[in-house]
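J.: Following this line is target.txt, made up of compact mmCIF, C-alpha atoms:
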```
# COMPACT_ATOMS: atom_id res chain seq x y z
CA MET A 1 42.03 30.77 -54.06
CA ALA A 2 41.46 29.50 -50.51
CA ALA A 3 43.36 26.31 -51.32
CA MET A 4 46.26 28.11 -52.99
CA LEU A 5 49.75 27.76 -51.50
CA GLY A 6 48.64 25.84 -48.41
CA ALA A 7 46.90 22.89 -46.96
CA GLY A 8 43.52 24.66 -47.09
CA GLY A 9 40.47 24.05 -44.97
CA LEU A 10 42.27 24.58 -41.65
CA ALA A 11 40.26 25.33 -38.59
CA ILE A 12 41.67 28.75 -37.79
CA GLY A 13 39.84 29.27 -34.57
CA THR A 14 42.06 27.19 -32.25
CA PRO A 15 45.24 28.75 -30.78
CA ALA A 16 47.38 25.92 -32.20
CA ASN A 17 46.03 26.46 -35.71
CA GLN A 18 46.41 30.23 -35.38
CA ALA A 19 50.03 29.77 -34.33
CA PHE A 20 50.64 27.46 -37.31
CA ALA A 21 49.06 29.96 -39.69
CA GLU A 22 51.15 32.79 -38.25
CA SER A 23 54.25 30.58 -38.55
CA LYS A 24 53.57 30.11 -42.27
CA ILE A 25 53.29 33.87 -42.75
CA ASN A 26 56.50 34.43 -40.75
CA ASN A 27 58.36 31.83 -42.85
CA LEU A 28 57.23 33.56 -46.04
CA GLN A 29 58.29 36.95 -44.69
CA LYS A 30 61.72 35.57 -43.70
CA GLU A 31 62.09 34.12 -47.20
CA GLN A 32 61.19 37.54 -48.59
CA GLU A 33 63.88 39.23 -46.47
CA LYS A 34 66.42 36.62 -47.56
CA LEU A 35 65.57 37.26 -51.20
CA GLN A 36 65.99 41.01 -50.72
CA GLN A 37 69.43 40.44 -49.19
CA GLU A 38 70.41 38.21 -52.10
CA ARG A 39 69.19 40.82 -54.57
CA SER A 40 71.37 43.40 -52.79
CA GLY A 41 74.34 41.03 -53.06
CA VAL A 42 73.71 40.45 -56.77
CA GLU A 43 73.43 44.22 -57.31
CA THR A 44 76.81 44.63 -55.60
CA ASP A 45 78.29 41.95 -57.86
CA ILE A 46 76.84 43.68 -60.93
CA ASN A 47 78.38 47.02 -59.88
CA LYS A 48 81.72 45.32 -59.20
CA ALA A 49 81.66 43.61 -62.61
CA GLY A 50 80.77 46.96 -64.19
CA SER A 51 83.77 48.61 -62.51
CA GLU A 52 86.00 45.76 -63.68
CA ILE A 53 84.73 46.24 -67.24
CA GLU A 54 85.57 49.96 -67.05
CA GLN A 55 89.08 49.08 -65.85
CA LEU A 56 89.46 46.49 -68.63
CA GLN A 57 88.30 49.05 -71.20
CA LYS A 58 90.84 51.57 -69.83
CA GLU A 59 93.59 48.96 -70.10
CA GLN A 60 92.45 48.14 -73.64
CA LYS A 61 92.61 51.85 -74.52
CA ASP A 62 96.18 52.06 -73.18
CA VAL A 63 97.19 48.89 -75.02
CA GLN A 64 95.54 50.16 -78.20
CA ALA A 65 97.55 53.37 -77.95
CA GLU A 66 100.72 51.32 -77.49
CA ILE A 67 99.80 49.13 -80.48
CA LYS A 68 99.26 52.29 -82.55
CA ARG A 69 102.69 53.59 -81.49
CA LEU A 70 104.29 50.27 -82.40
CA ASP A 71 102.47 50.20 -85.74
CA LEU A 72 103.83 53.67 -86.55
CA ALA A 73 107.32 52.63 -85.43
CA ILE A 74 107.13 49.44 -87.53
CA SER A 75 105.93 51.46 -90.51
CA ASP A 76 108.75 53.98 -90.02
CA ALA A 77 111.30 51.17 -89.74
CA GLN A 78 109.95 49.59 -92.92
CA THR A 79 110.22 52.93 -94.73
CA LYS A 80 113.82 53.28 -93.61
CA ILE A 81 114.57 49.68 -94.58
CA THR A 82 113.21 50.40 -98.04
CA GLU A 83 115.35 53.54 -98.24
CA LYS A 84 118.46 51.69 -97.10
CA ASN A 85 117.81 48.92 -99.60
CA GLU A 86 117.56 51.53 -102.34
CA GLN A 87 120.78 53.19 -101.13
CA ILE A 88 122.53 49.83 -100.99
CA THR A 89 121.35 49.10 -104.53
CA LYS A 90 122.69 52.46 -105.71
CA THR A 91 125.95 51.93 -103.84
CA LYS A 92 126.37 48.53 -105.43
CA GLU A 93 125.73 50.14 -108.81
CA GLU A 94 128.42 52.70 -107.96
CA ILE A 95 130.73 49.86 -107.01
CA VAL A 96 130.15 48.29 -110.43
CA LYS A 97 130.99 51.61 -112.09
CA LEU A 98 133.97 52.05 -109.78
CA GLN A 99 135.16 48.58 -110.70
CA GLU A 100 135.24 49.72 -114.34
CA GLU A 101 137.19 52.82 -113.32
CA ILE A 102 139.48 50.71 -111.19
CA LYS A 103 140.09 48.49 -114.17
CA VAL A 104 141.16 51.53 -116.22
CA LEU A 105 143.32 52.82 -113.37
CA LYS A 106 144.94 49.43 -113.00
CA GLU A 107 145.77 49.41 -116.71
CA ARG A 108 147.33 52.87 -116.43
CA ILE A 109 149.30 51.83 -113.35
CA GLU A 110 150.39 48.67 -115.13
CA LYS A 111 151.70 50.72 -118.06
CA ARG A 112 153.60 53.05 -115.73
CA ASN A 113 155.00 50.05 -113.92
CA GLU A 114 156.37 48.76 -117.24
CA LEU A 115 157.88 52.17 -117.96
CA LEU A 116 159.41 52.34 -114.52
CA LYS A 117 160.75 48.82 -114.96
CA ASP A 118 162.43 49.99 -118.18
CA ARG A 119 163.95 52.90 -116.26
CA ALA A 120 165.15 50.51 -113.60
CA ARG A 121 166.86 48.29 -116.18
CA SER A 122 168.48 51.37 -117.69
CA PHE A 123 169.74 52.40 -114.27
CA GLN A 124 171.24 48.97 -113.77
CA GLU A 125 172.98 49.09 -117.17
CA THR A 126 174.52 52.51 -116.41
CA GLY A 127 175.60 51.58 -112.92
CA GLY A 128 172.45 52.49 -111.13
CA ALA A 129 171.98 56.08 -112.32
CA VAL A 130 171.70 58.13 -115.48
CA SER A 131 174.78 60.46 -115.86
CA TYR A 132 173.16 63.69 -116.87
CA ILE A 133 176.64 65.39 -116.56
CA ASP A 134 178.01 63.11 -119.27
CA VAL A 135 175.09 64.06 -121.45
CA LEU A 136 175.75 67.73 -120.93
CA MET A 137 179.52 67.46 -121.31
CA GLY A 138 179.13 65.64 -124.58
CA ALA A 139 177.62 68.73 -126.17
CA GLN A 140 179.36 69.78 -129.45
CA SER A 141 178.45 73.44 -129.15
CA PHE A 142 176.79 75.89 -126.82
CA SER A 143 173.55 75.54 -128.74
CA ASP A 144 173.77 71.77 -128.44
CA PHE A 145 174.49 72.23 -124.74
CA ILE A 146 171.35 74.33 -124.34
CA ASP A 147 169.32 71.71 -126.17
CA ARG A 148 170.78 68.98 -124.02
CA VAL A 149 170.00 70.96 -120.84
CA GLY A 150 166.38 71.28 -122.00
CA ALA A 151 166.21 67.61 -122.86
CA VAL A 152 167.62 66.59 -119.46
CA ALA A 153 165.16 68.87 -117.71
CA THR A 154 162.31 67.41 -119.75
CA ILE A 155 163.41 63.85 -118.97
CA MET A 156 163.67 64.61 -115.27
CA GLU A 157 160.27 66.31 -115.26
CA ALA A 158 158.81 63.33 -117.11
CA ASP A 159 160.26 60.91 -114.58
CA GLN A 160 158.92 63.00 -111.72
CA SER A 161 155.49 63.32 -113.39
CA ILE A 162 155.29 59.56 -113.90
CA LEU A 163 156.03 58.98 -110.23
CA GLU A 164 153.55 61.63 -109.10
CA GLU A 165 150.79 60.35 -111.41
CA HIS A 166 151.51 56.80 -110.30
CA GLN A 167 151.21 57.80 -106.63
CA ALA A 168 148.12 59.92 -107.26
CA ASP A 169 146.36 57.10 -109.13
CA LYS A 170 147.20 54.65 -106.38
CA GLU A 171 145.87 57.01 -103.71
CA LEU A 172 142.75 57.72 -105.76
CA LEU A 173 142.14 54.01 -106.29
CA GLU A 174 142.63 53.22 -102.63
CA GLY A 175 140.50 56.20 -101.56
CA LYS A 176 137.59 55.23 -103.79
CA GLN A 177 137.75 51.63 -102.76
CA ASN A 178 137.85 52.50 -99.06
CA ALA A 179 135.08 55.10 -99.32
CA VAL A 180 132.70 52.83 -101.20
CA GLU A 181 133.46 49.83 -99.01
CA GLU A 182 132.93 51.90 -95.87
CA GLU A 183 129.67 53.32 -97.21
CA LEU A 184 128.43 49.86 -98.18
CA ALA A 185 129.43 48.43 -94.80
CA SER A 186 127.71 51.35 -93.03
CA LEU A 187 124.53 50.91 -95.07
CA GLU A 188 124.49 47.15 -94.49
CA LYS A 189 124.97 47.68 -90.75
CA MET A 190 122.16 50.23 -90.66
CA LEU A 191 119.98 47.84 -92.63
CA ALA A 192 120.76 45.00 -90.21
CA ASP A 193 120.01 47.29 -87.25
CA LEU A 194 116.72 48.37 -88.81
CA LYS A 195 115.71 44.78 -89.48
CA GLN A 196 116.55 43.85 -85.88
CA LEU A 197 114.53 46.85 -84.67
CA GLN A 198 111.63 45.83 -86.88
CA LYS A 199 111.83 42.28 -85.54
CA GLU A 200 111.78 43.55 -81.96
CA LEU A 201 108.88 45.91 -82.71
CA ASN A 202 106.92 43.09 -84.36
CA SER A 203 107.59 40.93 -81.30
CA GLN A 204 106.39 43.70 -78.99
CA LYS A 205 103.30 44.23 -81.13
CA GLY A 206 102.62 40.48 -81.04
CA GLU A 207 102.71 40.57 -77.25
CA LYS A 208 100.42 43.62 -77.19
CA ASP A 209 98.03 41.89 -79.61
CA LYS A 210 97.92 38.89 -77.26
CA LEU A 211 97.32 41.19 -74.30
CA MET A 212 94.56 42.99 -76.19
CA ALA A 213 92.91 39.68 -77.11
CA SER A 214 93.14 38.60 -73.46
CA LEU A 215 91.59 41.87 -72.24
CA GLU A 216 88.81 41.64 -74.83
CA LYS A 217 88.10 38.06 -73.77
CA LYS A 218 88.01 39.11 -70.11
CA GLU A 219 85.63 41.96 -70.97
CA GLU A 220 83.44 39.54 -72.92
CA GLN A 221 83.40 37.21 -69.92
CA LYS A 222 82.51 40.10 -67.63
CA HIS A 223 79.65 41.12 -69.92
CA ALA A 224 78.43 37.51 -69.87
CA GLU A 225 78.80 37.54 -66.08
CA ILE A 226 76.72 40.73 -65.88
CA THR A 227 74.12 39.17 -68.16
CA ASP A 228 73.93 36.16 -65.83
CA LEU A 229 73.80 38.44 -62.79
CA GLU A 230 71.07 40.56 -64.37
CA GLU A 231 69.12 37.36 -65.04
CA GLN A 232 69.64 36.31 -61.40
CA LYS A 233 68.57 39.76 -60.25
CA GLU A 234 65.38 39.59 -62.32
CA ILE A 235 64.61 36.08 -61.04
CA LEU A 236 65.24 37.17 -57.44
CA ALA A 237 63.04 40.23 -57.95
CA ALA A 238 60.35 38.00 -59.44
CA GLN A 239 60.74 35.59 -56.54
CA THR A 240 60.33 38.49 -54.10
CA ALA A 241 57.15 39.53 -55.90
CA ALA A 242 55.94 35.93 -55.93
CA VAL A 243 56.57 35.56 -52.20
CA GLN A 244 54.74 38.85 -51.57
CA LYS A 245 51.84 37.48 -53.55
CA ALA A 246 52.09 34.20 -51.67
CA ILE A 247 51.90 36.10 -48.36
CA LYS A 248 48.82 37.93 -49.59
CA LEU A 249 47.19 34.72 -50.81
CA GLU A 250 48.05 32.94 -47.55
CA LYS A 251 46.40 35.73 -45.57
CA GLN A 252 43.37 35.56 -47.87
CA ARG A 253 43.30 31.80 -47.49
CA GLN A 254 43.45 32.07 -43.73
CA ALA A 255 40.70 34.68 -43.71
CA GLU A 256 38.59 32.53 -46.04
CA ALA A 257 39.23 29.47 -43.86
CA ALA A 258 38.24 31.45 -40.78
CA ARG A 259 35.10 32.69 -42.50
CA LYS A 260 34.15 29.18 -43.58
CA ALA A 261 34.90 27.85 -40.11
CA ALA A 262 32.64 30.51 -38.62
CA GLN A 263 29.90 29.73 -41.16
CA ALA A 264 30.24 26.03 -40.44
CA ALA A 265 30.03 26.64 -36.70
CA ALA A 266 26.96 28.84 -37.15
CA ALA A 267 25.34 26.32 -39.46
CA ALA A 268 26.05 23.52 -37.01
CA ALA A 269 24.54 25.52 -34.18
CA ALA A 270 21.48 26.34 -36.28
CA ALA A 271 21.12 22.74 -37.37
CA LYS A 272 21.34 21.54 -33.80
CA LYS A 273 18.74 24.09 -32.78
CA ASN A 274 16.40 23.38 -35.69
CA ASN A 275 17.22 19.68 -35.82
CA SER A 276 17.89 20.00 -39.54
CA GLY A 277 20.89 19.19 -41.91
CA SER A 278 22.42 20.75 -44.88
CA SER A 279 23.87 19.34 -48.12
CA SER A 280 26.80 20.38 -50.24
CA SER A 281 27.97 19.68 -53.73
CA SER A 282 31.47 19.46 -55.22
CA SER A 283 32.83 19.73 -58.67
CA GLY A 284 36.07 18.55 -60.24
CA GLY A 285 38.09 19.66 -63.21
CA GLY A 286 39.19 17.36 -65.97
CA GLN A 287 42.82 17.05 -67.12
CA GLN A 288 44.08 16.62 -70.65
CA VAL A 289 44.28 13.03 -71.77
CA SER A 290 48.06 13.05 -72.31
CA ALA A 291 48.78 14.83 -69.02
CA PRO A 292 49.62 12.70 -65.97
CA PRO A 293 46.78 12.36 -63.45
CA VAL A 294 46.96 14.72 -60.50
CA SER A 295 48.12 12.74 -57.49
CA GLY A 296 47.42 13.32 -53.83
CA GLY A 297 49.94 14.94 -51.52
CA ALA A 298 51.81 18.18 -51.93
CA PHE A 299 53.28 17.44 -55.38
CA THR A 300 52.18 15.77 -58.59
CA ARG A 301 54.18 14.52 -61.58
CA PRO A 302 55.00 17.49 -63.88
CA SER A 303 54.72 15.57 -67.18
CA ALA A 304 54.51 12.18 -68.79
CA GLY A 305 57.69 10.49 -70.05
CA ARG A 306 60.54 8.29 -68.91
CA LEU A 307 63.18 9.41 -66.44
CA SER A 308 66.10 9.85 -68.88
CA SER A 309 68.55 11.55 -66.53
CA GLY A 310 68.64 11.80 -62.75
CA PHE A 311 69.85 14.25 -60.13
CA GLY A 312 73.62 14.19 -59.54
CA PRO A 313 76.99 14.13 -61.37
CA ARG A 314 76.71 13.98 -65.16
CA TRP A 315 79.21 14.52 -68.02
CA GLY A 316 81.82 16.04 -65.73
CA THR A 317 79.36 18.51 -64.16
CA PHE A 318 76.43 18.29 -61.73
CA HIS A 319 72.85 17.88 -62.92
CA TYR A 320 70.66 19.81 -60.49
CA GLY A 321 67.39 18.33 -61.69
CA ILE A 322 65.85 15.41 -63.50
CA ASP A 323 64.91 14.93 -67.16
CA LEU A 324 61.64 13.44 -68.33
CA ALA A 325 61.68 12.51 -72.03
CA ALA A 326 58.74 11.70 -74.30
CA LYS A 327 57.75 12.10 -77.94
CA GLY A 328 54.82 13.97 -79.38
CA SER A 329 52.85 16.89 -77.93
CA VAL A 330 53.43 16.43 -74.20
CA PRO A 331 51.77 18.83 -71.70
CA VAL A 332 53.78 20.10 -68.76
CA VAL A 333 51.83 20.88 -65.57
CA ALA A 334 52.50 22.63 -62.26
CA ALA A 335 53.86 20.20 -59.68
CA ALA A 336 52.03 22.05 -56.88
CA ASP A 337 49.92 25.10 -56.15
CA GLY A 338 51.97 28.25 -56.47
CA VAL A 339 52.79 31.61 -58.00
CA VAL A 340 54.74 31.91 -61.26
CA ILE A 341 57.99 33.67 -60.42
CA ARG A 342 59.06 34.15 -64.01
CA SER A 343 57.99 32.89 -67.42
CA TYR A 344 60.66 33.76 -70.00
CA TYR A 345 63.22 32.56 -72.55
CA SER A 346 66.73 31.82 -71.23
CA SER A 347 69.82 31.09 -73.35
CA SER A 348 70.48 28.02 -71.20
CA TYR A 349 67.02 26.94 -69.97
CA GLY A 350 65.24 27.86 -73.22
CA ASN A 351 61.54 28.49 -72.60
CA ALA A 352 61.39 28.26 -68.82
CA ILE A 353 58.91 28.75 -65.98
CA PHE A 354 59.84 29.25 -62.32
CA VAL A 355 57.10 28.67 -59.73
CA ALA A 356 57.17 29.47 -55.99
CA HIS A 357 55.24 27.21 -53.60
CA SER A 358 54.42 27.48 -49.88
CA ILE A 359 53.78 24.01 -48.48
CA ASP A 360 53.18 23.66 -44.75
CA GLY A 361 55.06 26.89 -44.12
CA VAL A 362 58.07 25.86 -46.23
CA VAL A 363 58.93 27.66 -49.46
CA TYR A 364 59.79 25.51 -52.48
CA THR A 365 60.71 26.56 -56.02
CA THR A 366 60.17 24.42 -59.11
CA VAL A 367 61.73 24.99 -62.52
CA TYR A 368 60.35 23.73 -65.85
CA ALA A 369 62.88 24.15 -68.68
CA HIS A 370 63.34 23.56 -72.45
CA LEU A 371 59.60 23.99 -73.12
CA SER A 372 58.41 24.38 -76.69
CA SER A 373 55.78 26.89 -75.52
CA ARG A 374 54.54 28.60 -72.35
CA SER A 375 50.88 29.15 -71.48
CA VAL A 376 51.23 31.14 -68.23
CA GLY A 377 52.95 34.43 -67.55
CA SER A 378 55.00 35.87 -64.71
CA GLY A 379 52.95 36.53 -61.58
CA ALA A 380 50.19 34.04 -62.49
CA VAL A 381 48.66 31.95 -59.70
CA VAL A 382 48.62 28.28 -60.72
CA SER A 383 47.09 25.19 -59.19
CA LYS A 384 48.61 21.73 -58.93
CA GLY A 385 48.20 19.94 -62.27
CA GLN A 386 47.47 23.16 -64.21
CA GLN A 387 49.08 23.15 -67.65
CA LEU A 388 52.09 25.46 -67.98
CA GLY A 389 53.13 24.63 -71.55
CA TYR A 390 54.47 21.79 -73.68
CA MET A 391 57.65 19.74 -73.50
CA GLY A 392 60.26 20.91 -76.01
CA ASN A 393 63.91 21.16 -77.03
CA THR A 394 64.76 24.87 -76.59
CA GLY A 395 67.91 26.41 -75.09
CA GLN A 396 70.89 24.19 -74.32
CA SER A 397 69.02 20.97 -74.92
CA TYR A 398 69.63 17.75 -76.84
CA GLY A 399 66.36 16.12 -77.77
CA GLN A 400 62.84 16.79 -76.52
CA HIS A 401 62.53 16.54 -72.74
CA LEU A 402 61.46 18.41 -69.61
CA HIS A 403 64.26 19.51 -67.30
CA PHE A 404 62.61 19.73 -63.86
CA GLU A 405 64.25 21.21 -60.75
CA LEU A 406 63.04 21.26 -57.14
CA HIS A 407 64.58 23.74 -54.66
CA ARG A 408 63.87 23.82 -50.94
CA GLY A 409 63.85 27.60 -50.65
CA GLU A 410 64.51 30.13 -53.38
CA TRP A 411 66.30 29.44 -56.67
CA ASN A 412 69.81 30.89 -56.92
CA ALA A 413 72.57 30.76 -59.51
CA SER A 414 74.70 28.34 -57.48
CA LYS A 415 71.60 26.14 -57.06
CA SER A 416 72.63 25.52 -53.46
CA ASN A 417 69.00 24.84 -52.49
CA ALA A 418 68.42 22.20 -55.19
CA ILE A 419 67.22 18.83 -53.91
CA ASN A 420 66.53 15.51 -55.64
CA PRO A 421 62.84 15.44 -56.62
CA VAL A 422 62.82 11.62 -56.58
CA GLY A 423 60.96 10.49 -53.47
CA ILE A 424 59.33 13.90 -53.00
CA VAL A 425 57.56 14.33 -56.34
CA PRO A 426 55.77 11.18 -57.55
CA LEU A 427 57.69 10.12 -60.66
```
Can you turn what I pasted into structure tokens?

T.:
Amino acid sequence: MAAMLGAGGLAIGTPANQAFAESKINNLQKEQEKLQQERSGVETDINKAGSEIEQLQKEQKDVQAEIKRLDLAISDAQTKITEKNEQITKTKEEIVKLQEEIKVLKERIEKRNELLKDRARSFQETGGAVSYIDVLMGAQSFSDFIDRVGAVATIMEADQSILEEHQADKELLEGKQNAVEEELASLEKMLADLKQLQKELNSQKGEKDKLMASLEKKEEQKHAEITDLEEQKEILAAQTAAVQKAIKLEKQRQAEAARKAAQAAAAAAAAKKNNSGSSSSSSGGGQQVSAPPVSGGAFTRPSAGRLSSGFGPRWGTFHYGIDLAAKGSVPVVAAADGVVIRSYYSSSYGNAIFVAHSIDGVVYTTVYAHLSSRSVGSGAVVSKGQQLGYMGNTGQSYGQHLHFELHRGEWNASKSNAINPVGIVPL
């Protein structure tokens, strides 16, 4: 534990070393304050996104009500169109019947026309008029005169009746034709208006459907944004906890270093006084065969494998880490002493482990992504070279590899603290 998160074995007693130790604690505390500010900012963003979702849901509710109104209007228009079509069908059937009646009327009118033509010829033959006086004066007796008066009256009434019936039939024919044609024209106009209305309503509904789809997509994006922000919030909270733990471990390390320094000084004084020496023993831990050997310096290689992708632009985006690819069961180890910020499954990173490190008073964060399995949990204290899991192909990954990130400072969603591990981590 004394070696965790620091250089270890410092002589704490001198003022310079005490100042350096205090500087490391101050740097960790500043990093902790920065993380708390970022968490507050993320919380604000989450609340803002939540408010935007509520507004989007309100807009969707309004649009849904409008769509319902348009659906009812379209349904009503369709009902009326059906009714008008039925009325038009009936009217056309009436027209067919009327055409039969018109045919009969035309025949009757034609017959009367022939009769009237005969009358006209008779008028022409008699000088243009029938001499009813001559008829009456030609009577042989009073009785004959009376008969002739009756006959003349009958003929005149017949002529008048023919003319009246002829006029009445013509007016009836014209009236029926006009009435039916006007009704049909009115129905066809109403039908055309209804179809135009239906077309406009369908167009409006189409626009509302597009708007609804757009609002739903925006809400979906906002939910995804909140999910990402919640993930950031959890990582920042875990980083805060990790830094707190790092501060505690650094204080313990300093106290342990001071205690050992005091023991060493006392032992040296006693040895000088007694003219005697002391001996010490050391022990080392073995690493798995397939894991890379632990190198000197602050960092060690996180796994075996070839460097398949570097830090920088890639596929139209920016690759904020490096990829180490290898086949088989490949252990992944901690690149330096540290505290596990978070060990979890991410939709993008897959099985991932975030580790916070304090090296010479500077905070670093390493990320190990796409693991097939994880062997350490959140909050665990790990040593350089300690196995964290196995290389895998989880999350948004194409082929087995380790995606490794190095951040000078805390991890954030924009990855503004990401640096190229090449030249810092032995690869």

J.: Quick one: residues within 8 Å of segment 228-239 of chain A, only C-alpha atoms, excluding same-chain residues fewer than 2 positions away - as an MDAnalysis selection string?

T.: chainID A and resid 35:36 38:39 42:43 45:46 224:226 241:243 341:342 356 378:379 410:413

J.: Using the selection just defined, write its residues with C-alpha atoms as a PDB file, in the frame of the given file.

T.:
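See again03.pdb below for the written result:
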```
ATOM      1  CA  LEU A  35      65.570  37.260 -51.200  1.00  0.00           C
ATOM      2  CA  GLN A  36      65.990  41.010 -50.720  1.00  0.00           C
ATOM      3  CA  GLU A  38      70.410  38.210 -52.100  1.00  0.00           C
ATOM      4  CA  ARG A  39      69.190  40.820 -54.570  1.00  0.00           C
ATOM      5  CA  VAL A  42      73.710  40.450 -56.770  1.00  0.00           C
ATOM      6  CA  GLU A  43      73.430  44.220 -57.310  1.00  0.00           C
ATOM      7  CA  ASP A  45      78.290  41.950 -57.860  1.00  0.00           C
ATOM      8  CA  ILE A  46      76.840  43.680 -60.930  1.00  0.00           C
ATOM      9  CA  ALA A 224      78.430  37.510 -69.870  1.00  0.00           C
ATOM     10  CA  GLU A 225      78.800  37.540 -66.080  1.00  0.00           C
ATOM     11  CA  ILE A 226      76.720  40.730 -65.880  1.00  0.00           C
ATOM     12  CA  ALA A 241      57.150  39.530 -55.900  1.00  0.00           C
ATOM     13  CA  ALA A 242      55.940  35.930 -55.930  1.00  0.00           C
ATOM     14  CA  VAL A 243      56.570  35.560 -52.200  1.00  0.00           C
ATOM     15  CA  ILE A 341      57.990  33.670 -60.420  1.00  0.00           C
ATOM     16  CA  ARG A 342      59.060  34.150 -64.010  1.00  0.00           C
ATOM     17  CA  ALA A 356      57.170  29.470 -55.990  1.00  0.00           C
ATOM     18  CA  SER A 378      55.000  35.870 -64.710  1.00  0.00           C
ATOM     19  CA  GLY A 379      52.950  36.530 -61.580  1.00  0.00           C
ATOM     20  CA  GLU A 410      64.510  30.130 -53.380  1.00  0.00           C
ATOM     21  CA  TRP A 411      66.300  29.440 -56.670  1.00  0.00           C
ATOM     22  CA  ASN A 412      69.810  30.890 -56.920  1.00  0.00           C
ATOM     23  CA  ALA A 413      72.570  30.760 -59.510  1.00  0.00           C
TER      24      ALA A 413
END
```

J.: Within 7 Å of segment 196-210 of chain A, counting all atoms listed in the file, which residues show up once you throw out same-chain ones fewer than 6 positions away? Write them as an NGL selection string, please.

T.: :A and (63 or 67 or 70 or 74 or 77)

J.: Which of these, A:Lys384, A:Lys58, A:Lys415, A:Arg108, has the shortest distance to Ser295 of chain A once you count all atoms listed in the file?

T.: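 Closest candidate: A:Lys384.
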
J.: Just want the 7 Å neighbourhood of Tyr320 of chain A, counted on only C-alpha atoms, with same-chain residues fewer than 5 positions away dropped. Output as a list in words.

T.: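 Within the cut-off, the hits are Phe311, Gly312, Glu405 and Ala418 of chain A.
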
J.: Point out the residue among A:Asp337, A:Glu52, A:Glu181, A:Glu216 with the least atom-to-atom distance to Ala246 of chain A, counting all atoms listed in the file.

T.: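 Of all the options, A:Asp337 lies closest to Ala246 of chain A.
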
J.: Using atom CA of Glu174 of chain A and atom CA of Met190 of chain A as the two end points, give the distance in Å to one decimal.

T.: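 Computed distance, atom CA of Glu174 of chain A to atom CA of Met190 of chain A, equals 23.9 Å.
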
J.: Quick one: of A:Ser303, A:Thr240, A:Ser308, A:Ser346, who's nearest to Gly389 of chain A, counting all atoms listed in the file?

T.: A:Ser303

J.: Could you name the residues that touch segment 92-101 of chain A at 12 Å or less, counting only C-alpha atoms, but leaving out those on the same chain fewer than 3 positions away, as a ChimeraX atom specification?

T.: /A:84-89,104-108,169,172-185,187-188

J.: Between A:Ala49, A:Leu388, A:Val425, A:Met212, which has the minimum distance to Lys61 of chain A (counting all atoms listed in the file)?

T.: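 Closest to Lys61 of chain A of all the choices is A:Met212.
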
J.: Atom CA of Ser358 of chain A and atom CA of Tyr345 of chain A are how many Å apart?

T.: 24.8 Å

J.: Using only C-alpha atoms, pick whichever of A:Glu219, A:Thr79, A:Asp71, A:Glu110 has the shortest atom-to-atom distance to Gln57 of chain A.

T.: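 Among the listed residues, A:Glu219 lies closest to Gln57 of chain A.
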
J.: Figure out the distance between atom CA of Lys327 of chain A and atom CA of Tyr398 of chain A, please, to one decimal in Å.

T.: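 A separation of 13.2 Å between them.
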
J.: Axis-aligned box over every listed atom of segment 91-109 of chain A, padded by 5 Å per side: centre and edges in Å to one decimal, as AutoDock Vina command-line options?

T.:
```
--center_x 137.5 --center_y 50.6 --center_z -110.3 --size_x 33.6 --size_y 14.6 --size_z 22.9
```

J.: Output segment 25-53 of chain A from the block with C-alpha atoms, as a tab-separated table (two decimals), in the first residue's frame?

T.:
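Result file is selection.tsv:
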```tsv
chain	number	residue	atom	x	y	z
A	25	ILE	CA	-1.99	16.03	-1.91
A	26	ASN	CA	-2.92	19.55	-3.07
A	27	ASN	CA	-2.93	18.43	-6.73
A	28	LEU	CA	-5.23	15.54	-5.87
A	29	GLN	CA	-7.54	17.83	-3.92
A	30	LYS	CA	-7.66	20.31	-6.83
A	31	GLU	CA	-8.50	17.44	-9.18
A	32	GLN	CA	-11.27	16.43	-6.78
A	33	GLU	CA	-12.72	19.96	-6.81
A	34	LYS	CA	-12.55	20.04	-10.59
A	35	LEU	CA	-14.41	16.74	-10.79
A	36	GLN	CA	-17.11	18.04	-8.46
A	37	GLN	CA	-17.56	21.12	-10.67
A	38	GLU	CA	-17.82	18.92	-13.76
A	39	ARG	CA	-20.38	16.71	-12.02
A	40	SER	CA	-22.42	19.84	-11.22
A	41	GLY	CA	-22.21	20.87	-14.89
A	42	VAL	CA	-23.32	17.42	-16.05
A	43	GLU	CA	-26.21	17.51	-13.56
A	44	THR	CA	-27.26	20.87	-15.03
A	45	ASP	CA	-27.10	19.39	-18.54
A	46	ILE	CA	-29.21	16.42	-17.42
A	47	ASN	CA	-31.86	18.73	-15.93
A	48	LYS	CA	-31.84	20.86	-19.09
A	49	ALA	CA	-32.25	17.76	-21.29
A	50	GLY	CA	-35.07	16.59	-19.00
A	51	SER	CA	-36.85	19.93	-19.41
A	52	GLU	CA	-36.39	19.73	-23.17
A	53	ILE	CA	-37.90	16.23	-23.16
```
